[in-house]
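> Questions regarding the structure given below will be posed in turn.
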Amino acid sequence: MKTIYQIKSITSGFDIYNEHENLLTKFRYDHLFSSNGRTELPGKLLLIKPKNIWASKFDIFINEVDKGDIVFNWKGQIIIRIDYDGKEKVFLLKGRGLMNHHFILENDMGIVTMAFRPKFNWTSFQYEYQVEVEPNQESPLELVISCQFAINLYMTMATAAAV
């Protein structure tokens, strides 16, 4: 059975809900044009901040310890490296589709673990995402948050390039 999350974008960040529409966490950027963001999870503080001035590399901090990276490569893909209990896991986030643009997350063996399907909400003028986690795949909230952070940044850069 797939795990489902709902992500609702807002001006200052995004909120993540479970399939029963219970709020799990609120990720907030430090200010409107910031690439720094943070959220509180049970017993953890997750912080994402830029590693370089070009905003192509980001560090993921959990309780002030560097636990991972988000890196944009030249192919337009996003590499997410995150440490879970001393085990480093590497994922590749890819944009897919032209008319129905969505994102998939693959593990280091190329197996799709998550799919992020956007829906544009015209009343709030924001994107909402349905995240489908494949059965028997890891989906810690830290990974979902890191992916959504990267997707938001990707969409911002794509919009800026189109203008």
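Each chain of the structure tokens is named A, B, ... in the order shown, its residues numbered from 1; ligands are numbered from 1 in display order.
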Hey, what's within 8 Å of Pro50 of chain A if we count only C-alpha atoms and toss same-chain stuff fewer than 6 positions away? As a PyMOL selection string, please?
chain A and resi 35-36+56-59
> Limited to N, CA, C and O atoms, could you put the picked residues into a file as a short mmCIF file (atom, residue, chain, number, x, y, z; two decimals), in the first residue's frame?

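result-v2.cif was written with the following content:
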data_model
loop_
_atom_site.label_atom_id
_atom_site.label_comp_id
_atom_site.auth_asym_id
_atom_site.auth_seq_id
_atom_site.Cartn_x
_atom_site.Cartn_y
_atom_site.Cartn_z
N SER A 35 16.83 31.46 0.72
CA SER A 35 17.02 30.06 0.38
C SER A 35 17.26 29.24 1.65
O SER A 35 17.55 28.06 1.57
N ASN A 36 17.16 29.87 2.80
CA ASN A 36 17.26 29.17 4.08
C ASN A 36 15.86 28.82 4.54
O ASN A 36 14.94 29.63 4.44
N SER A 56 23.36 26.38 -5.90
CA SER A 56 23.32 25.09 -6.60
C SER A 56 23.61 23.94 -5.63
O SER A 56 23.44 22.78 -5.99
N LYS A 57 24.06 24.27 -4.43
CA LYS A 57 24.35 23.26 -3.41
C LYS A 57 23.79 23.74 -2.08
O LYS A 57 23.93 24.91 -1.72
N PHE A 58 23.17 22.81 -1.36
CA PHE A 58 22.57 23.13 -0.07
C PHE A 58 22.94 22.07 0.94
O PHE A 58 23.12 20.91 0.60
N ASP A 59 23.07 22.48 2.19
CA ASP A 59 23.32 21.55 3.29
C ASP A 59 22.01 21.29 4.03
O ASP A 59 21.19 22.19 4.21
#
> Would you kindly return, as a list in words, each protein, DNA or RNA residue with an atom no farther than 12 Å from any atom of Gly97 of chain A, considering only C-alpha atoms and excluding same-chain residues fewer than 5 positions away?
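So the residues in contact are His102, Phe103, Ile104, Phe116, Arg117 and Pro118 of chain A.
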> Which residues of segment 7-40 of chain A sit at most 8 Å from segment 124-128 of chain A, using only C-alpha atoms? Give each one's shortest atom pair and distance in Å (one decimal place), in chain and ascending residue order, as a tab-separated table.

residue	atom	partner	partner_atom	distance
A:Ile7	CA	A:Glu128	CA	5.5
A:Lys8	CA	A:Glu128	CA	4.6
A:Ser9	CA	A:Tyr127	CA	5.7
A:Ile10	CA	A:Gln126	CA	6.6
> Those same residues - C-alpha atoms - I'd like them written as a tab-separated table (two decimals), in the first residue's frame.

chain	number	residue	atom	x	y	z
A	7	ILE	CA	1.95	19.34	0.35
A	8	LYS	CA	0.44	22.80	0.17
A	9	SER	CA	2.68	25.66	-0.89
A	10	ILE	CA	2.25	29.03	0.76
> Using only C-alpha atoms, which protein or nucleic acid residues come within 6 Å of segment 1-6 of chain A? Drop anything in the same chain fewer than 5 positions from it, and give the result as a PyMOL selection string.
chain A and resi 16-19+129-135
> Do a neighbour search on Thr39 of chain A at 8 Å with only C-alpha atoms, toss out local chain neighbours closer than 3 positions, and write the hits as a list in words.
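Near Thr39 of chain A, the qualifying residues are Thr25, Lys26, Phe27, Arg28, Leu45, Leu46 and Leu47 of chain A.
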> For Cys147 of chain A, which residue out of A:Trp74, A:Phe14, A:Phe120, A:Tyr84 is the nearest one, using only C-alpha atoms?
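Smallest separation from Cys147 of chain A among the options: A:Phe14.
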> Using DSSP secondary structure from the backbone, list all helix (DSSP H, G or I) positions within chain A, as a count of residues only.
22
> Please give the complete set of residues from segment 40-140 of chain A that DSSP, run on the backbone, assigns to strand (DSSP E), formatted as a ChimeraX atom specification.
/A:40-41,44-50,57-62,65-72,78-84,87-96,102-106,112-121,126-133
> What does the structure give for the distance between atom CA of Ala150 of chain A and atom CA of Glu88 of chain A, in Å to one decimal?
18.7 Å
> Could you tell me how far atom CA of Ile79 of chain A lies from atom CA of Leu143 of chain A, in Å and to one decimal?
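Calculated distance between atom CA of Ile79 of chain A and atom CA of Leu143 of chain A is 11.7 Å.
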> Could you state the separation of atom CA of Arg81 of chain A and atom CA of Asp108 of chain A in Å, given to one decimal place?
10.0 Å
> Would you mind telling me which residue in A:Ile145, A:Ile151, A:Ile82, A:Val65 lies nearest to Gly95 of chain A when using only C-alpha atoms?
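For Gly95 of chain A, the nearest of the candidates is A:Ile151.
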> Find the spatial neighbours of Val90 of chain A, counting only C-alpha atoms, within a cut-off of 12 Å - ignore same-chain residues fewer than 4 positions away - and output them as a list in words.
Lys67, Gly68, Asp69, Ile70, Val71, Ile78, Ile79, Ile80, Arg81, Ile82, Asp83, Tyr84, Leu105, Glu106, Asn107, Asp108, Met109, Gly110, Ile111, Thr113 and Leu143 of chain A
